[in-house]
Amino acid sequence: MKKTQQLLDVTFWKFVLVGIANTLVGTTVMFVAYNALHLSYWISSASNYVIGSIVSYFLNKNFTFQNKEKSVKQVVIFIFNITICYLLAYGFAKPIISWILSNQSKPVQDNLSMLAGMGAFVVFNYLGQRIFVFKK
């Protein structure tokens, strides 16, 4: 219980605020790429995380975790964390949602898979940034 309270402190709420801003930018990019530009599921969702990750790194480093470290190693760990979280979240979301919604069209399946992937990504990413990237 104490560990959970430590993970849900003021830092968590700052992460949520940054995530809201990040989500507005990234989600717009992702759904425009998929629905308007007709790019694939993987390119659309990845574009969300390339752009969103750049914003996330600077906002979380400076605002959320108030981390003063300046190192290439930290950037590499951040990129590794984002990559693993993305692959896990979207890799699981797509087959699960496609199976659940097998009677729906591919665009419906893909759009809902991207939403589910976003939710899973938030959880994985928070834990990764808090525990590994910007640890105190």
# chains A, B, ... in the order shown; residues from 1 in each chain; ligands from 1
$ select_by_dssp --residues "chain A" --states "helix (DSSP H, G or I)" --output "short mmCIF file (atom, residue, chain, number, x, y, z; two decimals) with N, CA and C atoms, in the first residue's frame"
data_model
loop_
_atom_site.label_atom_id
_atom_site.label_comp_id
_atom_site.auth_asym_id
_atom_site.auth_seq_id
_atom_site.Cartn_x
_atom_site.Cartn_y
_atom_site.Cartn_z
N LYS A 2 1.94 1.23 0.78
CA LYS A 2 2.82 2.39 0.87
C LYS A 2 3.51 2.66 -0.47
N LYS A 3 3.90 1.60 -1.17
CA LYS A 3 4.52 1.73 -2.50
C LYS A 3 3.55 2.38 -3.48
N THR A 4 2.29 1.98 -3.42
CA THR A 4 1.29 2.56 -4.31
C THR A 4 1.11 4.04 -4.02
N GLN A 5 1.07 4.42 -2.75
CA GLN A 5 0.94 5.83 -2.39
C GLN A 5 2.14 6.63 -2.86
N GLN A 6 3.33 6.04 -2.81
CA GLN A 6 4.52 6.72 -3.29
C GLN A 6 4.47 6.94 -4.80
N LEU A 7 3.92 5.98 -5.53
CA LEU A 7 3.82 6.12 -6.98
C LEU A 7 2.72 7.09 -7.40
N VAL A 10 2.43 13.68 -5.90
CA VAL A 10 2.29 14.87 -6.75
C VAL A 10 2.99 14.68 -8.10
N THR A 11 4.05 13.90 -8.12
CA THR A 11 4.75 13.63 -9.38
C THR A 11 3.82 12.92 -10.36
N PHE A 12 3.02 12.01 -9.86
CA PHE A 12 2.08 11.30 -10.71
C PHE A 12 1.10 12.29 -11.35
N TRP A 13 0.59 13.23 -10.56
CA TRP A 13 -0.39 14.19 -11.09
C TRP A 13 0.24 15.16 -12.09
N LYS A 14 1.49 15.50 -11.89
CA LYS A 14 2.20 16.31 -12.88
C LYS A 14 2.35 15.51 -14.18
N PHE A 15 2.67 14.22 -14.04
CA PHE A 15 2.79 13.35 -15.20
C PHE A 15 1.47 13.29 -15.96
N VAL A 16 0.37 13.24 -15.24
CA VAL A 16 -0.96 13.22 -15.85
C VAL A 16 -1.19 14.51 -16.64
N LEU A 17 -0.85 15.66 -16.06
CA LEU A 17 -1.03 16.94 -16.77
C LEU A 17 -0.20 16.99 -18.05
N VAL A 18 1.04 16.58 -17.95
CA VAL A 18 1.91 16.53 -19.14
C VAL A 18 1.31 15.56 -20.15
N GLY A 19 0.81 14.45 -19.66
CA GLY A 19 0.20 13.45 -20.53
C GLY A 19 -1.01 13.96 -21.28
N ILE A 20 -1.80 14.79 -20.62
CA ILE A 20 -2.98 15.37 -21.28
C ILE A 20 -2.54 16.25 -22.44
N ALA A 21 -1.56 17.12 -22.20
CA ALA A 21 -1.05 17.99 -23.27
C ALA A 21 -0.45 17.14 -24.39
N ASN A 22 0.34 16.19 -23.99
CA ASN A 22 1.00 15.29 -24.93
C ASN A 22 -0.02 14.51 -25.75
N THR A 23 -1.07 14.04 -25.08
CA THR A 23 -2.10 13.25 -25.74
C THR A 23 -2.85 14.07 -26.78
N LEU A 24 -3.13 15.31 -26.47
CA LEU A 24 -3.82 16.17 -27.44
C LEU A 24 -3.01 16.31 -28.72
N VAL A 25 -1.72 16.52 -28.58
CA VAL A 25 -0.85 16.67 -29.75
C VAL A 25 -0.71 15.33 -30.48
N GLY A 26 -0.30 14.31 -29.74
CA GLY A 26 -0.02 13.01 -30.35
C GLY A 26 -1.24 12.34 -30.96
N THR A 27 -2.38 12.42 -30.27
CA THR A 27 -3.59 11.78 -30.77
C THR A 27 -4.05 12.45 -32.06
N THR A 28 -3.95 13.76 -32.09
CA THR A 28 -4.32 14.47 -33.31
C THR A 28 -3.44 14.00 -34.47
N VAL A 29 -2.15 13.94 -34.24
CA VAL A 29 -1.22 13.46 -35.28
C VAL A 29 -1.60 12.04 -35.72
N MET A 30 -1.83 11.15 -34.75
CA MET A 30 -2.10 9.75 -35.05
C MET A 30 -3.38 9.57 -35.87
N PHE A 31 -4.47 10.19 -35.43
CA PHE A 31 -5.74 9.98 -36.13
C PHE A 31 -5.80 10.71 -37.46
N VAL A 32 -5.15 11.84 -37.58
CA VAL A 32 -5.06 12.51 -38.88
C VAL A 32 -4.23 11.66 -39.84
N ALA A 33 -3.12 11.13 -39.35
CA ALA A 33 -2.27 10.27 -40.19
C ALA A 33 -3.05 9.05 -40.68
N TYR A 34 -3.82 8.43 -39.80
CA TYR A 34 -4.54 7.21 -40.17
C TYR A 34 -5.78 7.51 -41.01
N ASN A 35 -6.61 8.44 -40.55
CA ASN A 35 -7.92 8.66 -41.18
C ASN A 35 -7.89 9.64 -42.34
N ALA A 36 -7.05 10.66 -42.28
CA ALA A 36 -7.02 11.66 -43.36
C ALA A 36 -5.92 11.36 -44.38
N TYR A 41 -1.65 1.57 -39.71
CA TYR A 41 -1.79 1.53 -38.25
C TYR A 41 -0.46 1.82 -37.58
N TRP A 42 0.59 1.11 -38.01
CA TRP A 42 1.89 1.22 -37.35
C TRP A 42 2.54 2.58 -37.60
N ILE A 43 2.47 3.10 -38.80
CA ILE A 43 3.06 4.42 -39.08
C ILE A 43 2.29 5.51 -38.34
N SER A 44 0.98 5.41 -38.33
CA SER A 44 0.15 6.42 -37.64
C SER A 44 0.40 6.42 -36.14
N SER A 45 0.39 5.24 -35.54
CA SER A 45 0.61 5.20 -34.10
C SER A 45 2.05 5.55 -33.74
N ALA A 46 3.00 5.15 -34.56
CA ALA A 46 4.41 5.49 -34.30
C ALA A 46 4.65 7.00 -34.42
N SER A 47 4.00 7.65 -35.38
CA SER A 47 4.18 9.10 -35.53
C SER A 47 3.71 9.84 -34.29
N ASN A 48 2.66 9.32 -33.66
CA ASN A 48 2.18 9.87 -32.39
C ASN A 48 3.32 9.85 -31.37
N TYR A 49 4.00 8.74 -31.28
CA TYR A 49 5.01 8.58 -30.24
C TYR A 49 6.34 9.23 -30.55
N VAL A 50 6.66 9.41 -31.80
CA VAL A 50 7.88 10.15 -32.13
C VAL A 50 7.70 11.61 -31.71
N ILE A 51 6.61 12.22 -32.15
CA ILE A 51 6.35 13.62 -31.83
C ILE A 51 6.04 13.78 -30.34
N GLY A 52 5.17 12.93 -29.83
CA GLY A 52 4.80 12.99 -28.42
C GLY A 52 5.97 12.75 -27.48
N SER A 53 6.88 11.90 -27.87
CA SER A 53 8.03 11.58 -27.02
C SER A 53 8.99 12.75 -26.88
N ILE A 54 9.14 13.49 -27.92
CA ILE A 54 10.00 14.68 -27.85
C ILE A 54 9.41 15.68 -26.85
N VAL A 55 8.12 15.94 -26.98
CA VAL A 55 7.44 16.85 -26.04
C VAL A 55 7.51 16.27 -24.63
N SER A 56 7.22 14.99 -24.49
CA SER A 56 7.21 14.33 -23.20
C SER A 56 8.56 14.41 -22.49
N TYR A 57 9.62 14.17 -23.24
CA TYR A 57 10.94 14.17 -22.62
C TYR A 57 11.22 15.51 -21.94
N PHE A 58 11.03 16.59 -22.65
CA PHE A 58 11.36 17.90 -22.10
C PHE A 58 10.40 18.31 -20.97
N LEU A 59 9.11 18.07 -21.14
CA LEU A 59 8.16 18.45 -20.09
C LEU A 59 8.34 17.59 -18.83
N ASN A 60 8.49 16.28 -19.01
CA ASN A 60 8.65 15.42 -17.84
C ASN A 60 9.99 15.63 -17.16
N LYS A 61 11.03 15.81 -17.92
CA LYS A 61 12.35 16.04 -17.33
C LYS A 61 12.34 17.31 -16.48
N ASN A 62 11.82 18.39 -17.03
CA ASN A 62 11.90 19.69 -16.35
C ASN A 62 10.75 19.98 -15.39
N PHE A 63 9.54 19.59 -15.74
CA PHE A 63 8.38 19.92 -14.92
C PHE A 63 8.00 18.79 -13.96
N THR A 64 7.79 17.61 -14.50
CA THR A 64 7.29 16.50 -13.69
C THR A 64 8.33 16.00 -12.69
N VAL A 72 23.76 11.98 -22.23
CA VAL A 72 23.31 11.21 -23.39
C VAL A 72 22.71 9.89 -22.92
N LYS A 73 23.26 9.32 -21.86
CA LYS A 73 22.77 8.07 -21.31
C LYS A 73 21.29 8.18 -20.95
N GLN A 74 20.91 9.28 -20.32
CA GLN A 74 19.51 9.47 -19.93
C GLN A 74 18.60 9.53 -21.16
N VAL A 75 19.03 10.20 -22.20
CA VAL A 75 18.25 10.28 -23.44
C VAL A 75 18.10 8.89 -24.05
N VAL A 76 19.18 8.12 -24.05
CA VAL A 76 19.14 6.76 -24.60
C VAL A 76 18.18 5.89 -23.78
N ILE A 77 18.22 5.99 -22.47
CA ILE A 77 17.31 5.22 -21.62
C ILE A 77 15.86 5.65 -21.88
N PHE A 78 15.64 6.95 -22.05
CA PHE A 78 14.31 7.46 -22.35
C PHE A 78 13.80 6.86 -23.67
N ILE A 79 14.63 6.90 -24.71
CA ILE A 79 14.24 6.36 -26.01
C ILE A 79 13.96 4.86 -25.90
N PHE A 80 14.80 4.14 -25.18
CA PHE A 80 14.60 2.70 -24.96
C PHE A 80 13.27 2.46 -24.25
N ASN A 81 13.00 3.23 -23.20
CA ASN A 81 11.75 3.10 -22.45
C ASN A 81 10.54 3.34 -23.35
N ILE A 82 10.56 4.42 -24.11
CA ILE A 82 9.44 4.74 -25.00
C ILE A 82 9.23 3.62 -26.02
N THR A 83 10.33 3.13 -26.57
CA THR A 83 10.25 2.08 -27.59
C THR A 83 9.64 0.80 -27.02
N ILE A 84 10.12 0.38 -25.87
CA ILE A 84 9.59 -0.85 -25.25
C ILE A 84 8.12 -0.67 -24.89
N CYS A 85 7.78 0.48 -24.29
CA CYS A 85 6.38 0.74 -23.91
C CYS A 85 5.47 0.75 -25.14
N TYR A 86 5.94 1.38 -26.21
CA TYR A 86 5.16 1.43 -27.45
C TYR A 86 4.93 0.03 -28.01
N LEU A 87 5.99 -0.74 -28.13
CA LEU A 87 5.87 -2.09 -28.70
C LEU A 87 4.96 -2.98 -27.86
N LEU A 88 5.11 -2.90 -26.55
CA LEU A 88 4.25 -3.70 -25.67
C LEU A 88 2.79 -3.26 -25.78
N ALA A 89 2.55 -1.97 -25.62
CA ALA A 89 1.17 -1.46 -25.59
C ALA A 89 0.44 -1.71 -26.90
N TYR A 90 1.05 -1.32 -28.00
CA TYR A 90 0.38 -1.45 -29.28
C TYR A 90 0.45 -2.89 -29.81
N GLY A 91 1.50 -3.58 -29.46
CA GLY A 91 1.62 -4.98 -29.86
C GLY A 91 0.56 -5.86 -29.22
N PHE A 92 0.19 -5.55 -27.99
CA PHE A 92 -0.87 -6.30 -27.32
C PHE A 92 -2.25 -5.79 -27.73
N ALA A 93 -2.40 -4.49 -27.87
CA ALA A 93 -3.71 -3.90 -28.15
C ALA A 93 -4.29 -4.37 -29.49
N LYS A 94 -3.48 -4.36 -30.51
CA LYS A 94 -4.00 -4.69 -31.84
C LYS A 94 -4.59 -6.10 -31.92
N PRO A 95 -3.88 -7.14 -31.55
CA PRO A 95 -4.50 -8.47 -31.68
C PRO A 95 -5.68 -8.69 -30.72
N ILE A 96 -5.59 -8.13 -29.52
CA ILE A 96 -6.68 -8.32 -28.56
C ILE A 96 -7.95 -7.63 -29.03
N ILE A 97 -7.83 -6.36 -29.43
CA ILE A 97 -9.01 -5.62 -29.90
C ILE A 97 -9.53 -6.20 -31.20
N SER A 98 -8.64 -6.60 -32.10
CA SER A 98 -9.08 -7.22 -33.37
C SER A 98 -9.85 -8.51 -33.10
N TRP A 99 -9.41 -9.28 -32.12
CA TRP A 99 -10.11 -10.52 -31.76
C TRP A 99 -11.48 -10.21 -31.14
N ILE A 100 -11.50 -9.26 -30.20
CA ILE A 100 -12.76 -8.90 -29.54
C ILE A 100 -13.77 -8.34 -30.54
N LYS A 106 -12.11 -3.17 -40.41
CA LYS A 106 -10.71 -2.94 -40.06
C LYS A 106 -10.49 -1.53 -39.51
N PRO A 107 -11.05 -0.47 -40.11
CA PRO A 107 -10.86 0.87 -39.52
C PRO A 107 -11.39 0.99 -38.09
N VAL A 108 -12.53 0.37 -37.80
CA VAL A 108 -13.06 0.40 -36.43
C VAL A 108 -12.11 -0.34 -35.50
N GLN A 109 -11.66 -1.52 -35.91
CA GLN A 109 -10.72 -2.29 -35.10
C GLN A 109 -9.43 -1.51 -34.85
N ASP A 110 -8.89 -0.92 -35.92
CA ASP A 110 -7.62 -0.20 -35.79
C ASP A 110 -7.75 1.06 -34.92
N ASN A 111 -8.83 1.83 -35.10
CA ASN A 111 -9.02 3.03 -34.29
C ASN A 111 -9.17 2.67 -32.81
N LEU A 112 -9.94 1.64 -32.51
CA LEU A 112 -10.11 1.24 -31.11
C LEU A 112 -8.85 0.58 -30.56
N SER A 113 -8.10 -0.09 -31.41
CA SER A 113 -6.80 -0.65 -30.98
C SER A 113 -5.85 0.48 -30.60
N MET A 114 -5.85 1.55 -31.39
CA MET A 114 -4.98 2.68 -31.08
C MET A 114 -5.38 3.33 -29.75
N LEU A 115 -6.68 3.43 -29.49
CA LEU A 115 -7.12 3.98 -28.20
C LEU A 115 -6.69 3.08 -27.04
N ALA A 116 -6.87 1.78 -27.20
CA ALA A 116 -6.47 0.84 -26.15
C ALA A 116 -4.95 0.88 -25.96
N GLY A 117 -4.22 0.96 -27.05
CA GLY A 117 -2.77 1.05 -26.98
C GLY A 117 -2.32 2.29 -26.24
N MET A 118 -3.03 3.39 -26.45
CA MET A 118 -2.70 4.63 -25.74
C MET A 118 -2.83 4.45 -24.23
N GLY A 119 -3.90 3.82 -23.81
CA GLY A 119 -4.11 3.60 -22.37
C GLY A 119 -3.03 2.73 -21.75
N ALA A 120 -2.70 1.65 -22.43
CA ALA A 120 -1.65 0.77 -21.92
C ALA A 120 -0.30 1.47 -21.91
N PHE A 121 -0.05 2.26 -22.94
CA PHE A 121 1.22 2.99 -23.04
C PHE A 121 1.40 3.94 -21.85
N VAL A 122 0.36 4.63 -21.46
CA VAL A 122 0.44 5.58 -20.34
C VAL A 122 0.93 4.87 -19.08
N VAL A 123 0.35 3.74 -18.79
CA VAL A 123 0.72 3.00 -17.58
C VAL A 123 2.17 2.54 -17.66
N PHE A 124 2.53 1.88 -18.75
CA PHE A 124 3.90 1.39 -18.90
C PHE A 124 4.91 2.54 -18.87
N ASN A 125 4.60 3.62 -19.57
CA ASN A 125 5.52 4.75 -19.69
C ASN A 125 5.74 5.46 -18.35
N TYR A 126 4.67 5.66 -17.60
CA TYR A 126 4.83 6.30 -16.29
C TYR A 126 5.78 5.49 -15.41
N LEU A 127 5.54 4.21 -15.34
CA LEU A 127 6.39 3.36 -14.51
C LEU A 127 7.84 3.38 -15.02
N GLY A 128 8.03 3.31 -16.30
CA GLY A 128 9.37 3.33 -16.87
C GLY A 128 10.11 4.64 -16.62
N GLN A 129 9.41 5.75 -16.80
CA GLN A 129 10.05 7.05 -16.57
C GLN A 129 10.35 7.26 -15.09
N ARG A 130 9.42 6.91 -14.26
CA ARG A 130 9.58 7.11 -12.82
C ARG A 130 10.68 6.21 -12.25
N ILE A 131 10.69 4.96 -12.66
CA ILE A 131 11.61 3.99 -12.07
C ILE A 131 12.98 3.99 -12.73
N PHE A 132 13.04 4.20 -14.04
CA PHE A 132 14.31 4.05 -14.74
C PHE A 132 14.89 5.35 -15.30
N VAL A 133 14.09 6.14 -15.99
CA VAL A 133 14.62 7.29 -16.71
C VAL A 133 14.96 8.45 -15.80
#
